[in-house]
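Here's the structure, in structure tokens; my notes come after.
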Amino acid sequence: MKIAVYGQKFGEKNIPCLNQFIGYACSHSIEIHIEKSFFDVLSSFEEFKNLDFPVFSHYKELTKDFSLMFAFGGDGTILSAITLIRDSGIPIVGVNTGNLGFLATFNKDVFIQKIDQIFNKKLHLMPRSLLWLETSITDRHPFFNFALNEIVILRKETVSMITIDAYIDNEFLTSYWADGLIISTPTGSTGYSLSCGGPIISPDNKNFVLTPISPHNLFSRPLIISDHQKVHLKIHSRVKSYSLSMDTRLTSLNKENELYIQKAPFYIYLLQEGKNTYYKTLREKLLWGMDQRN
């Protein structure tokens, strides 16, 4: 078996977990490849100075013979990892060494207990849909044009609102007068969209949600649409450009650059303990049903 290992930050408290993981893989003749930047981070620790594993730094090096990618960190780490995974279909195992962990569902202690089941693929593989972006001006294409959580349009270099004309399947929907607009997947519905009043959508739904950010019109509310529909956005602003974010990646585009958003032609696959653990995660992370008065 051949696996990839990815991470960003790494703390001393996580050394025992990673040591056990590496020990297990080596004892079972599992071939480990570590992302180059993460390899450099690990090499700064005395415990990992003698690591001797192949490294990778480009998505083309993650060929389809990789069985799994292990992402050590939080949800942000997984969002970065998908820029390497792309459409390869390699499942991601999110090991939560961070804080929130909606996507990184394996706590580092539980992860070691479940490691046999993970490598034997006895757990549930959950497909997650992505957003796909195309722009009307292609000479400056915004990096990787897909997002697992959300695509966000935001005003830039001005305190004035921007106007976003939205079309669904070429039919005019409305003009949002707001600080911006979030187009979110079900996976991203517990992120930025939620903090702006958007609904929580379980990841097995085939929907996207449009959530305005601080809209001027109080009747402007989040809208759930089918993920088979296409969104076309035209941006009007008093300044020449606006900000565009795709998950953790940020750029700016000229206001003449129109956006075309639809469902990506591939899925990201997350390995998790069971099919219905999403609701357990919601209860735990959002403290549902817990008495906060004491």
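Chain labels A, B, ... are given in the sequence in which chains occur in the structure tokens; within each chain residues are numbered consecutively from 1, and ligands are likewise numbered from 1 in the order shown.
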(request) Find the spatial neighbours of A:Lys64, counting only C-alpha atoms, within a cut-off of 8 Å - ignore same-chain residues fewer than 6 positions away - and output them as a ChimeraX atom specification. (result) /A:88-90
Step one, run DSSP on the backbone; step two, keep only residues of stretch 108-250 of chain A assigned to strand (DSSP E or B); then write them as a compact mmCIF listing (two decimals) with all heavy atoms, in the first residue's frame.
# COMPACT_ATOMS: atom_id res chain seq x y z
N HIS A 124 -16.45 4.28 6.49
CA HIS A 124 -17.32 4.81 5.45
C HIS A 124 -16.62 5.87 4.62
O HIS A 124 -15.94 6.74 5.15
CB HIS A 124 -18.58 5.41 6.10
CG HIS A 124 -19.58 5.89 5.12
ND1 HIS A 124 -20.33 5.04 4.33
CD2 HIS A 124 -19.97 7.16 4.76
CE1 HIS A 124 -21.13 5.75 3.56
NE2 HIS A 124 -20.92 7.03 3.80
N LEU A 125 -16.79 5.79 3.31
CA LEU A 125 -16.21 6.76 2.38
C LEU A 125 -17.30 7.74 1.97
O LEU A 125 -18.29 7.36 1.34
CB LEU A 125 -15.64 6.04 1.16
CG LEU A 125 -14.57 6.76 0.36
CD1 LEU A 125 -13.36 7.08 1.22
CD2 LEU A 125 -14.16 5.93 -0.85
N MET A 126 -17.13 9.01 2.33
CA MET A 126 -18.16 10.02 2.10
C MET A 126 -17.76 10.96 0.96
O MET A 126 -16.76 11.67 1.07
CB MET A 126 -18.38 10.85 3.38
CG MET A 126 -19.54 11.81 3.31
SD MET A 126 -21.12 10.95 3.31
CE MET A 126 -22.26 12.33 3.25
N PRO A 127 -18.52 10.95 -0.15
CA PRO A 127 -18.21 11.90 -1.23
C PRO A 127 -18.70 13.30 -0.88
O PRO A 127 -19.79 13.47 -0.34
CB PRO A 127 -18.98 11.32 -2.42
CG PRO A 127 -20.13 10.58 -1.81
CD PRO A 127 -19.65 10.07 -0.48
N ARG A 128 -17.90 14.32 -1.18
CA ARG A 128 -18.27 15.72 -0.95
C ARG A 128 -18.20 16.48 -2.27
O ARG A 128 -17.18 16.44 -2.97
CB ARG A 128 -17.33 16.37 0.07
CG ARG A 128 -17.36 15.71 1.47
CD ARG A 128 -18.69 15.95 2.18
NE ARG A 128 -18.71 15.38 3.51
CZ ARG A 128 -18.58 16.08 4.63
NH1 ARG A 128 -18.40 17.39 4.57
NH2 ARG A 128 -18.64 15.49 5.81
N LEU A 131 -17.52 23.26 -5.67
CA LEU A 131 -17.90 24.32 -6.60
C LEU A 131 -16.81 24.46 -7.66
O LEU A 131 -15.62 24.28 -7.38
CB LEU A 131 -18.07 25.64 -5.86
CG LEU A 131 -19.22 25.72 -4.85
CD1 LEU A 131 -19.01 26.87 -3.88
CD2 LEU A 131 -20.56 25.85 -5.57
N TRP A 132 -17.23 24.83 -8.86
CA TRP A 132 -16.31 25.00 -9.99
C TRP A 132 -16.50 26.40 -10.55
O TRP A 132 -17.62 26.83 -10.80
CB TRP A 132 -16.62 23.95 -11.05
CG TRP A 132 -15.72 23.95 -12.24
CD1 TRP A 132 -15.90 24.60 -13.42
CD2 TRP A 132 -14.49 23.22 -12.37
NE1 TRP A 132 -14.88 24.32 -14.29
CE2 TRP A 132 -13.98 23.49 -13.66
CE3 TRP A 132 -13.77 22.38 -11.52
CZ2 TRP A 132 -12.79 22.93 -14.13
CZ3 TRP A 132 -12.60 21.83 -11.98
CH2 TRP A 132 -12.12 22.11 -13.27
N LEU A 133 -15.40 27.13 -10.74
CA LEU A 133 -15.47 28.52 -11.17
C LEU A 133 -14.86 28.72 -12.54
O LEU A 133 -13.76 28.22 -12.83
CB LEU A 133 -14.74 29.41 -10.17
CG LEU A 133 -14.57 30.88 -10.57
CD1 LEU A 133 -15.91 31.61 -10.55
CD2 LEU A 133 -13.57 31.58 -9.66
N GLU A 134 -15.56 29.49 -13.38
CA GLU A 134 -15.00 29.98 -14.63
C GLU A 134 -15.23 31.48 -14.67
O GLU A 134 -16.18 31.99 -14.07
CB GLU A 134 -15.63 29.29 -15.84
CG GLU A 134 -15.30 27.80 -15.91
CD GLU A 134 -15.92 27.11 -17.10
OE1 GLU A 134 -16.70 27.79 -17.83
OE2 GLU A 134 -15.65 25.92 -17.30
N THR A 135 -14.35 32.20 -15.36
CA THR A 135 -14.43 33.66 -15.42
C THR A 135 -14.55 34.13 -16.86
O THR A 135 -14.13 33.43 -17.79
CB THR A 135 -13.19 34.30 -14.78
OG1 THR A 135 -12.01 33.81 -15.43
CG2 THR A 135 -13.11 33.97 -13.29
N PHE A 146 -11.55 25.54 -8.07
CA PHE A 146 -12.56 24.72 -7.39
C PHE A 146 -12.48 24.98 -5.89
O PHE A 146 -11.44 25.40 -5.37
CB PHE A 146 -12.37 23.23 -7.69
CG PHE A 146 -10.98 22.73 -7.41
CD1 PHE A 146 -10.62 22.28 -6.15
CD2 PHE A 146 -10.01 22.71 -8.41
CE1 PHE A 146 -9.34 21.82 -5.88
CE2 PHE A 146 -8.72 22.25 -8.15
CZ PHE A 146 -8.39 21.81 -6.88
N ALA A 147 -13.59 24.72 -5.19
CA ALA A 147 -13.64 24.97 -3.74
C ALA A 147 -14.53 23.92 -3.08
O ALA A 147 -15.61 23.61 -3.59
CB ALA A 147 -14.18 26.36 -3.46
N GLU A 150 -16.56 27.03 0.04
CA GLU A 150 -17.32 28.14 -0.52
C GLU A 150 -16.49 29.01 -1.44
O GLU A 150 -15.25 29.01 -1.38
CB GLU A 150 -17.91 29.03 0.59
CG GLU A 150 -16.91 29.85 1.36
CD GLU A 150 -16.32 29.18 2.57
OE1 GLU A 150 -17.06 28.63 3.40
OE2 GLU A 150 -15.07 29.21 2.67
N ILE A 151 -17.19 29.73 -2.30
CA ILE A 151 -16.63 30.82 -3.07
C ILE A 151 -17.25 32.10 -2.52
O ILE A 151 -18.46 32.17 -2.34
CB ILE A 151 -16.94 30.67 -4.57
CG1 ILE A 151 -16.23 29.44 -5.15
CG2 ILE A 151 -16.54 31.92 -5.35
CD1 ILE A 151 -16.60 29.13 -6.59
N VAL A 152 -16.41 33.10 -2.23
CA VAL A 152 -16.89 34.33 -1.61
C VAL A 152 -16.47 35.53 -2.45
O VAL A 152 -15.30 35.65 -2.84
CB VAL A 152 -16.35 34.50 -0.17
CG1 VAL A 152 -16.94 35.75 0.47
CG2 VAL A 152 -16.67 33.27 0.67
N ILE A 153 -17.42 36.42 -2.73
CA ILE A 153 -17.15 37.69 -3.38
C ILE A 153 -17.28 38.78 -2.32
O ILE A 153 -18.29 38.83 -1.61
CB ILE A 153 -18.14 37.96 -4.54
CG1 ILE A 153 -17.98 36.88 -5.63
CG2 ILE A 153 -17.93 39.35 -5.15
CD1 ILE A 153 -18.88 35.69 -5.44
N LEU A 154 -16.25 39.62 -2.19
CA LEU A 154 -16.23 40.64 -1.15
C LEU A 154 -15.81 41.99 -1.73
O LEU A 154 -15.02 42.05 -2.67
CB LEU A 154 -15.23 40.26 -0.05
CG LEU A 154 -15.64 39.21 0.98
CD1 LEU A 154 -14.41 38.77 1.75
CD2 LEU A 154 -16.69 39.76 1.92
N ILE A 162 -20.99 46.71 -2.52
CA ILE A 162 -20.94 46.38 -3.94
C ILE A 162 -22.31 45.84 -4.34
O ILE A 162 -23.13 45.45 -3.50
CB ILE A 162 -19.85 45.34 -4.25
CG1 ILE A 162 -20.04 44.06 -3.42
CG2 ILE A 162 -18.47 45.94 -4.00
CD1 ILE A 162 -19.04 42.96 -3.77
N THR A 163 -22.57 45.86 -5.63
CA THR A 163 -23.81 45.30 -6.17
C THR A 163 -23.46 44.06 -6.98
O THR A 163 -22.56 44.09 -7.82
CB THR A 163 -24.53 46.31 -7.07
OG1 THR A 163 -24.80 47.50 -6.32
CG2 THR A 163 -25.85 45.73 -7.58
N ILE A 164 -24.15 42.97 -6.67
CA ILE A 164 -23.90 41.70 -7.36
C ILE A 164 -25.18 41.26 -8.04
O ILE A 164 -26.17 40.93 -7.38
CB ILE A 164 -23.42 40.62 -6.37
CG1 ILE A 164 -22.17 41.09 -5.61
CG2 ILE A 164 -23.13 39.31 -7.11
CD1 ILE A 164 -21.75 40.19 -4.48
N ASP A 165 -25.20 41.29 -9.36
CA ASP A 165 -26.34 40.80 -10.13
C ASP A 165 -26.21 39.28 -10.24
O ASP A 165 -25.21 38.78 -10.76
CB ASP A 165 -26.38 41.42 -11.53
CG ASP A 165 -26.58 42.93 -11.49
OD1 ASP A 165 -27.13 43.43 -10.49
OD2 ASP A 165 -26.17 43.61 -12.46
N ALA A 166 -27.23 38.58 -9.77
CA ALA A 166 -27.18 37.11 -9.76
C ALA A 166 -28.18 36.53 -10.73
O ALA A 166 -29.36 36.94 -10.77
CB ALA A 166 -27.45 36.59 -8.35
N TYR A 167 -27.73 35.56 -11.52
CA TYR A 167 -28.57 34.83 -12.47
C TYR A 167 -28.47 33.34 -12.15
O TYR A 167 -27.38 32.83 -11.88
CB TYR A 167 -28.10 35.07 -13.91
CG TYR A 167 -28.15 36.52 -14.35
CD1 TYR A 167 -27.15 37.42 -13.96
CD2 TYR A 167 -29.19 36.99 -15.16
CE1 TYR A 167 -27.18 38.74 -14.37
CE2 TYR A 167 -29.23 38.32 -15.58
CZ TYR A 167 -28.22 39.19 -15.18
OH TYR A 167 -28.26 40.51 -15.58
N ILE A 168 -29.62 32.66 -12.19
CA ILE A 168 -29.65 31.22 -12.00
C ILE A 168 -30.12 30.58 -13.30
O ILE A 168 -31.23 30.87 -13.77
CB ILE A 168 -30.61 30.80 -10.86
CG1 ILE A 168 -30.29 31.56 -9.57
CG2 ILE A 168 -30.55 29.29 -10.64
CD1 ILE A 168 -28.95 31.24 -8.96
N GLU A 171 -31.48 32.93 -15.80
CA GLU A 171 -32.65 33.73 -15.40
C GLU A 171 -32.25 34.68 -14.29
O GLU A 171 -31.64 34.27 -13.30
CB GLU A 171 -33.78 32.82 -14.93
CG GLU A 171 -35.03 33.60 -14.49
CD GLU A 171 -36.14 32.71 -13.97
OE1 GLU A 171 -36.06 31.48 -14.14
OE2 GLU A 171 -37.10 33.26 -13.38
N PHE A 172 -32.57 35.96 -14.45
CA PHE A 172 -32.20 36.95 -13.44
C PHE A 172 -32.88 36.64 -12.12
O PHE A 172 -34.08 36.41 -12.05
CB PHE A 172 -32.59 38.35 -13.91
CG PHE A 172 -32.27 39.43 -12.91
CD1 PHE A 172 -30.96 39.74 -12.59
CD2 PHE A 172 -33.28 40.13 -12.26
CE1 PHE A 172 -30.65 40.73 -11.66
CE2 PHE A 172 -32.99 41.12 -11.33
CZ PHE A 172 -31.66 41.42 -11.04
N LEU A 173 -32.07 36.61 -11.03
CA LEU A 173 -32.60 36.34 -9.69
C LEU A 173 -32.82 37.64 -8.94
O LEU A 173 -33.95 38.00 -8.59
CB LEU A 173 -31.63 35.44 -8.92
CG LEU A 173 -31.93 35.23 -7.43
CD1 LEU A 173 -33.24 34.48 -7.25
CD2 LEU A 173 -30.77 34.51 -6.74
N THR A 174 -31.74 38.38 -8.68
CA THR A 174 -31.83 39.63 -7.93
C THR A 174 -30.49 40.35 -8.00
O THR A 174 -29.49 39.80 -8.45
CB THR A 174 -32.19 39.36 -6.45
OG1 THR A 174 -32.45 40.60 -5.78
CG2 THR A 174 -31.06 38.64 -5.72
N SER A 175 -30.49 41.57 -7.52
CA SER A 175 -29.24 42.33 -7.32
C SER A 175 -29.00 42.43 -5.83
O SER A 175 -29.82 43.00 -5.10
CB SER A 175 -29.35 43.72 -7.94
OG SER A 175 -29.43 43.65 -9.35
N TYR A 176 -27.90 41.85 -5.37
CA TYR A 176 -27.55 41.93 -3.97
C TYR A 176 -26.77 43.22 -3.71
O TYR A 176 -25.72 43.44 -4.31
CB TYR A 176 -26.67 40.73 -3.57
CG TYR A 176 -27.37 39.39 -3.58
CD1 TYR A 176 -27.20 38.51 -4.65
CD2 TYR A 176 -28.19 39.00 -2.52
CE1 TYR A 176 -27.83 37.27 -4.66
CE2 TYR A 176 -28.83 37.77 -2.52
CZ TYR A 176 -28.64 36.90 -3.59
OH TYR A 176 -29.27 35.68 -3.60
N TRP A 177 -27.30 44.09 -2.85
CA TRP A 177 -26.56 45.26 -2.37
C TRP A 177 -26.01 44.86 -1.01
O TRP A 177 -26.74 44.80 -0.02
CB TRP A 177 -27.47 46.48 -2.24
CG TRP A 177 -28.16 46.86 -3.53
CD1 TRP A 177 -27.70 46.63 -4.80
CD2 TRP A 177 -29.42 47.51 -3.67
NE1 TRP A 177 -28.59 47.12 -5.72
CE2 TRP A 177 -29.66 47.67 -5.06
CE3 TRP A 177 -30.36 48.01 -2.77
CZ2 TRP A 177 -30.80 48.28 -5.55
CZ3 TRP A 177 -31.50 48.62 -3.26
CH2 TRP A 177 -31.72 48.75 -4.63
N ALA A 178 -24.73 44.60 -0.95
CA ALA A 178 -24.19 43.99 0.26
C ALA A 178 -22.67 44.17 0.30
O ALA A 178 -22.06 44.70 -0.62
CB ALA A 178 -24.54 42.50 0.29
N GLY A 180 -20.91 41.56 0.32
CA GLY A 180 -20.45 40.46 -0.51
C GLY A 180 -21.48 39.35 -0.59
O GLY A 180 -22.62 39.50 -0.13
N LEU A 181 -21.08 38.24 -1.17
CA LEU A 181 -21.97 37.11 -1.36
C LEU A 181 -21.17 35.82 -1.21
O LEU A 181 -20.05 35.70 -1.72
CB LEU A 181 -22.61 37.16 -2.76
CG LEU A 181 -23.58 36.04 -3.12
CD1 LEU A 181 -24.86 36.12 -2.27
CD2 LEU A 181 -23.93 36.09 -4.61
N ILE A 182 -21.76 34.85 -0.50
CA ILE A 182 -21.14 33.53 -0.31
C ILE A 182 -21.92 32.50 -1.10
O ILE A 182 -23.15 32.43 -1.00
CB ILE A 182 -21.16 33.13 1.18
CG1 ILE A 182 -20.49 34.19 2.05
CG2 ILE A 182 -20.49 31.76 1.38
CD1 ILE A 182 -20.77 34.02 3.53
N ILE A 183 -21.23 31.72 -1.91
CA ILE A 183 -21.85 30.56 -2.55
C ILE A 183 -21.22 29.35 -1.91
O ILE A 183 -20.01 29.10 -2.02
CB ILE A 183 -21.62 30.56 -4.08
CG1 ILE A 183 -22.21 31.81 -4.72
CG2 ILE A 183 -22.27 29.32 -4.70
CD1 ILE A 183 -21.28 32.96 -4.80
N SER A 184 -22.03 28.58 -1.19
CA SER A 184 -21.50 27.53 -0.33
C SER A 184 -22.02 26.15 -0.75
O SER A 184 -23.16 26.00 -1.20
CB SER A 184 -21.89 27.81 1.12
OG SER A 184 -21.62 26.71 1.95
N ASN A 207 -27.34 20.30 -3.00
CA ASN A 207 -27.71 21.72 -3.00
C ASN A 207 -26.49 22.61 -2.86
O ASN A 207 -25.43 22.18 -2.42
CB ASN A 207 -28.67 22.03 -1.84
CG ASN A 207 -29.96 21.27 -1.90
OD1 ASN A 207 -30.19 20.38 -1.08
ND2 ASN A 207 -30.81 21.59 -2.86
N PHE A 208 -26.69 23.88 -3.22
CA PHE A 208 -25.79 24.97 -2.88
C PHE A 208 -26.62 26.05 -2.20
O PHE A 208 -27.85 26.06 -2.32
CB PHE A 208 -25.11 25.56 -4.12
CG PHE A 208 -24.20 24.61 -4.84
CD1 PHE A 208 -24.18 24.57 -6.23
CD2 PHE A 208 -23.35 23.76 -4.15
CE1 PHE A 208 -23.33 23.70 -6.91
CE2 PHE A 208 -22.51 22.88 -4.81
CZ PHE A 208 -22.51 22.85 -6.20
N VAL A 209 -25.97 26.94 -1.48
CA VAL A 209 -26.70 28.03 -0.83
C VAL A 209 -26.01 29.35 -1.15
O VAL A 209 -24.78 29.45 -1.12
CB VAL A 209 -26.83 27.81 0.69
CG1 VAL A 209 -25.47 27.66 1.36
CG2 VAL A 209 -27.61 28.94 1.34
N LEU A 210 -26.81 30.35 -1.50
CA LEU A 210 -26.34 31.72 -1.73
C LEU A 210 -26.67 32.54 -0.49
O LEU A 210 -27.85 32.70 -0.14
CB LEU A 210 -27.01 32.34 -2.96
CG LEU A 210 -26.44 31.99 -4.35
CD1 LEU A 210 -26.64 30.51 -4.66
CD2 LEU A 210 -27.13 32.83 -5.42
N THR A 211 -25.65 33.06 0.18
CA THR A 211 -25.84 33.81 1.42
C THR A 211 -25.23 35.20 1.28
O THR A 211 -24.00 35.33 1.14
CB THR A 211 -25.17 33.08 2.61
OG1 THR A 211 -25.63 31.73 2.68
CG2 THR A 211 -25.48 33.79 3.92
N PRO A 212 -26.04 36.26 1.31
CA PRO A 212 -25.49 37.61 1.24
C PRO A 212 -24.78 37.99 2.54
O PRO A 212 -25.17 37.54 3.62
CB PRO A 212 -26.72 38.48 1.00
CG PRO A 212 -27.87 37.70 1.55
CD PRO A 212 -27.52 36.25 1.37
N ILE A 213 -23.76 38.81 2.43
CA ILE A 213 -23.00 39.28 3.59
C ILE A 213 -23.42 40.71 3.90
O ILE A 213 -23.22 41.61 3.09
CB ILE A 213 -21.48 39.24 3.33
CG1 ILE A 213 -21.05 37.82 2.92
CG2 ILE A 213 -20.70 39.70 4.54
CD1 ILE A 213 -19.63 37.74 2.41
N LEU A 223 -30.51 31.68 0.06
CA LEU A 223 -31.33 30.93 -0.90
C LEU A 223 -30.66 29.60 -1.21
O LEU A 223 -29.48 29.56 -1.58
CB LEU A 223 -31.50 31.74 -2.19
CG LEU A 223 -32.22 31.02 -3.35
CD1 LEU A 223 -33.70 30.78 -3.00
CD2 LEU A 223 -32.09 31.82 -4.63
N ILE A 224 -31.41 28.51 -1.05
CA ILE A 224 -30.90 27.17 -1.38
C ILE A 224 -31.32 26.83 -2.80
O ILE A 224 -32.49 26.97 -3.16
CB ILE A 224 -31.45 26.12 -0.40
CG1 ILE A 224 -30.98 26.43 1.03
CG2 ILE A 224 -30.99 24.72 -0.80
CD1 ILE A 224 -31.61 25.56 2.09
N ILE A 225 -30.36 26.39 -3.61
CA ILE A 225 -30.66 26.00 -4.98
C ILE A 225 -30.13 24.59 -5.23
O ILE A 225 -29.30 24.07 -4.47
CB ILE A 225 -30.05 26.98 -6.01
CG1 ILE A 225 -28.51 26.95 -5.93
CG2 ILE A 225 -30.57 28.39 -5.80
CD1 ILE A 225 -27.83 27.73 -7.04
N SER A 226 -30.57 23.97 -6.31
CA SER A 226 -30.06 22.65 -6.68
C SER A 226 -28.62 22.78 -7.17
O SER A 226 -28.25 23.77 -7.82
CB SER A 226 -30.93 22.07 -7.80
OG SER A 226 -30.29 20.95 -8.40
N VAL A 231 -24.77 29.31 -11.67
CA VAL A 231 -24.88 30.67 -11.14
C VAL A 231 -23.97 31.59 -11.96
O VAL A 231 -22.79 31.27 -12.18
CB VAL A 231 -24.48 30.72 -9.65
CG1 VAL A 231 -24.57 32.14 -9.11
CG2 VAL A 231 -25.35 29.76 -8.83
N HIS A 232 -24.52 32.72 -12.37
CA HIS A 232 -23.77 33.72 -13.13
C HIS A 232 -23.82 35.02 -12.33
O HIS A 232 -24.90 35.47 -11.94
CB HIS A 232 -24.39 33.90 -14.52
CG HIS A 232 -23.76 34.97 -15.34
ND1 HIS A 232 -24.40 35.52 -16.45
CD2 HIS A 232 -22.57 35.61 -15.24
CE1 HIS A 232 -23.62 36.45 -16.97
NE2 HIS A 232 -22.51 36.53 -16.26
N LEU A 233 -22.65 35.62 -12.07
CA LEU A 233 -22.59 36.82 -11.24
C LEU A 233 -21.89 37.96 -11.98
O LEU A 233 -20.83 37.75 -12.59
CB LEU A 233 -21.84 36.54 -9.93
CG LEU A 233 -22.38 35.42 -9.04
CD1 LEU A 233 -21.44 35.20 -7.85
CD2 LEU A 233 -23.79 35.71 -8.57
N LYS A 234 -22.50 39.15 -11.92
CA LYS A 234 -21.89 40.37 -12.44
C LYS A 234 -21.70 41.32 -11.25
O LYS A 234 -22.64 41.55 -10.49
CB LYS A 234 -22.79 41.02 -13.49
CG LYS A 234 -23.05 40.16 -14.72
CD LYS A 234 -23.97 40.89 -15.70
CE LYS A 234 -24.27 40.04 -16.92
NZ LYS A 234 -25.18 40.75 -17.87
N ILE A 235 -20.51 41.88 -11.12
CA ILE A 235 -20.18 42.69 -9.94
C ILE A 235 -20.03 44.16 -10.35
O ILE A 235 -19.36 44.47 -11.34
CB ILE A 235 -18.88 42.18 -9.27
CG1 ILE A 235 -19.10 40.80 -8.62
CG2 ILE A 235 -18.42 43.15 -8.18
CD1 ILE A 235 -19.02 39.62 -9.51
N HIS A 236 -20.65 45.03 -9.57
CA HIS A 236 -20.55 46.48 -9.77
C HIS A 236 -19.98 47.09 -8.50
O HIS A 236 -20.44 46.79 -7.40
CB HIS A 236 -21.92 47.09 -10.08
CG HIS A 236 -22.66 46.38 -11.19
ND1 HIS A 236 -22.42 46.64 -12.52
CD2 HIS A 236 -23.61 45.41 -11.15
CE1 HIS A 236 -23.20 45.87 -13.26
NE2 HIS A 236 -23.93 45.11 -12.45
N SER A 241 -11.75 46.86 -8.57
CA SER A 241 -11.66 45.42 -8.36
C SER A 241 -12.44 44.97 -7.14
O SER A 241 -12.91 45.79 -6.34
CB SER A 241 -10.19 45.00 -8.22
OG SER A 241 -9.58 45.65 -7.13
N TYR A 242 -12.59 43.67 -7.01
CA TYR A 242 -13.24 43.06 -5.85
C TYR A 242 -12.41 41.85 -5.43
O TYR A 242 -11.59 41.33 -6.18
CB TYR A 242 -14.68 42.66 -6.17
CG TYR A 242 -14.82 41.66 -7.30
CD1 TYR A 242 -14.85 40.29 -7.06
CD2 TYR A 242 -14.94 42.09 -8.63
CE1 TYR A 242 -14.99 39.38 -8.10
CE2 TYR A 242 -15.07 41.20 -9.67
CZ TYR A 242 -15.09 39.84 -9.40
OH TYR A 242 -15.21 38.93 -10.44
N SER A 243 -12.63 41.40 -4.19
CA SER A 243 -11.91 40.24 -3.67
C SER A 243 -12.69 38.96 -3.94
O SER A 243 -13.92 38.94 -3.88
CB SER A 243 -11.68 40.38 -2.16
OG SER A 243 -10.77 41.41 -1.88
N LEU A 244 -11.95 37.92 -4.24
CA LEU A 244 -12.55 36.60 -4.47
C LEU A 244 -11.78 35.58 -3.65
O LEU A 244 -10.55 35.50 -3.75
CB LEU A 244 -12.47 36.23 -5.95
CG LEU A 244 -12.88 34.79 -6.30
CD1 LEU A 244 -14.39 34.64 -6.21
CD2 LEU A 244 -12.39 34.42 -7.70
N SER A 245 -12.49 34.84 -2.82
CA SER A 245 -11.83 33.77 -2.07
C SER A 245 -12.46 32.44 -2.43
O SER A 245 -13.66 32.34 -2.68
CB SER A 245 -11.92 34.01 -0.55
OG SER A 245 -13.23 33.77 -0.09
N MET A 246 -11.60 31.41 -2.46
CA MET A 246 -12.04 30.04 -2.71
C MET A 246 -11.43 29.19 -1.61
O MET A 246 -10.22 28.91 -1.63
CB MET A 246 -11.60 29.57 -4.10
CG MET A 246 -12.12 30.48 -5.22
SD MET A 246 -11.70 29.90 -6.87
CE MET A 246 -12.72 28.43 -6.98
N ARG A 249 -7.98 30.33 -0.22
CA ARG A 249 -7.18 31.04 -1.21
C ARG A 249 -7.87 32.36 -1.58
O ARG A 249 -9.06 32.40 -1.83
CB ARG A 249 -6.98 30.16 -2.44
CG ARG A 249 -6.48 28.77 -2.07
CD ARG A 249 -6.30 27.86 -3.27
NE ARG A 249 -7.47 27.66 -4.10
CZ ARG A 249 -8.43 26.79 -3.83
NH1 ARG A 249 -8.41 26.07 -2.72
NH2 ARG A 249 -9.45 26.65 -4.65
N LEU A 250 -7.08 33.43 -1.66
CA LEU A 250 -7.63 34.77 -1.87
C LEU A 250 -6.94 35.44 -3.05
O LEU A 250 -5.71 35.37 -3.19
CB LEU A 250 -7.45 35.61 -0.61
CG LEU A 250 -7.96 37.05 -0.65
CD1 LEU A 250 -9.49 37.08 -0.76
CD2 LEU A 250 -7.50 37.82 0.59
(request) Would you mind telling me which residue in A:Ser44, A:Gly191, A:Lys121, A:Leu270 lies nearest to A:Ile85 when using only C-alpha atoms? (result)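 Result for the nearest residue to A:Ile85: A:Leu270.
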(message) Quick one: residues within 10 Å of A:Tyr6, only C-alpha atoms, excluding same-chain residues fewer than 5 positions away - as a PyMOL selection string?
(response) chain A and resi 33-39+56+69-73+77-78+80-81+84+92+94
(message) Measuring between only C-alpha atoms, which one of A:Tyr192, A:Phe53, A:Trp288, A:Phe119 shows the shortest distance to A:Leu271?
(response) A:Phe119
(message) Calculated over only C-alpha atoms, which of the candidates A:Pro203, A:Cys26, A:Val55, A:Leu68 has the smallest distance to A:Tyr279?
(response) A:Pro203
